[in-house]
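Data first, discussion second: the structure below is written as structure tokens.
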Amino acid sequence: MAGARRKARKFALQALYEIDFLGHEMDRVLTHLLADGGLSEENNAFVHELVSGVIQNKEKIDLNIQNFAPAWPVEQISVVDRNILRLAIFEILIDNKVPVKVAINEAVELAKTFGSDNSSKFVNGVLGAVSTLVN
């Protein structure tokens with residue numbers, strides 16, 4: 001199950017990246033990405049929930065990024081790192097369906113896979129600070 005959820009988060013990140021970077025419409029992006037992604041119906045629904053949750057709460061999420069990474073204006077953070085943070089902050093502060101440590105760990109793993117050499121440290125630092133809001 002954990003492996004399937006990690007794969008679902010990768011799809012969610014890919015969708016958020018495409019929506020953010022290219023400005024494509026969410027439903028079209030998700031339909032295309034999930035068409036032959038090999039996820040179960042449950043995990044397809046999880047991807048939809050994550051992406052739509054981030055999109056619906058983007059302003060609130062971005063305010064948290066701004067507050068906890070004040071040296072980095074949100075629009076200047078790399079597209080990958082910005083969307084990893086958005087995804088994790090949604091899971092930590094809004095969705096509340098997974099333990100905070102799981103959300104942070106998953107985000108750090110995404111950063112190691114898709115980000116730059118420093119992404120995982122940056123993501124971990126910002127999310128560690130964000131997690132103080134729930135502890």
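Chain labels run A, B, ... following the order of the structure tokens; each chain numbers its residues from 1, and ligands are numbered from 1 in the order shown.
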Residue neighbourhood Phe46 of chain A, 12 Å, only C-alpha atoms, exclusion window fewer than 5 positions, as a PyMOL selection string | chain A and resi 4-12+30+34+39-41+51-53+91+95+97
Neighbours of Ala107 of chain A within 12 Å (only C-alpha atoms; same-chain residues fewer than 2 positions away dropped), as a PyMOL selection string?
-> chain A and resi 6+9-10+12-13+80-92+100-105+109-115+119-128
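The two atoms in question, atom CA of Gln56 of chain A and atom CA of Ser131 of chain A, are spaced 20.7 Å apart.
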Residue nearest Thr132 of chain A among A:Gln14, A:Gln76, A:Asn64, A:Asn57 (counting only C-alpha atoms) |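 Selected residue with least distance to Thr132 of chain A: A:Asn64.
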Counting only C-alpha atoms, the option among A:Met26, A:Pro70, A:Val134, A:Ala129 closest to Asn96 of chain A = A:Val134
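The space between atom CA of Phe68 of chain A and atom CA of Val130 of chain A spans 6.6 Å.
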So how far away is atom CA of Ser116 of chain A from atom CA of Ser78 of chain A, in Å?
-> 9.1 Å
Got a sec to tell me which of chain A DSSP assigns to helix (DSSP H, G or I), as JSON, numbers by chain?
-> {"A": [2, 3, 4, 5, 6, 7, 8, 9, 10, 11, 12, 13, 14, 15, 16, 17, 18, 19, 20, 21, 22, 26, 27, 28, 29, 30, 31, 32, 33, 34, 41, 42, 43, 44, 45, 46, 47, 48, 49, 50, 51, 52, 53, 54, 55, 56, 58, 59, 60, 61, 62, 63, 64, 65, 66, 67, 68, 74, 75, 76, 79, 80, 81, 82, 83, 84, 85, 86, 87, 88, 89, 90, 91, 92, 93, 94, 95, 100, 101, 102, 103, 104, 105, 106, 107, 108, 109, 110, 111, 112, 113, 114, 119, 120, 121, 122, 123, 124, 125, 126, 127, 128, 129, 130, 131, 132, 133]}
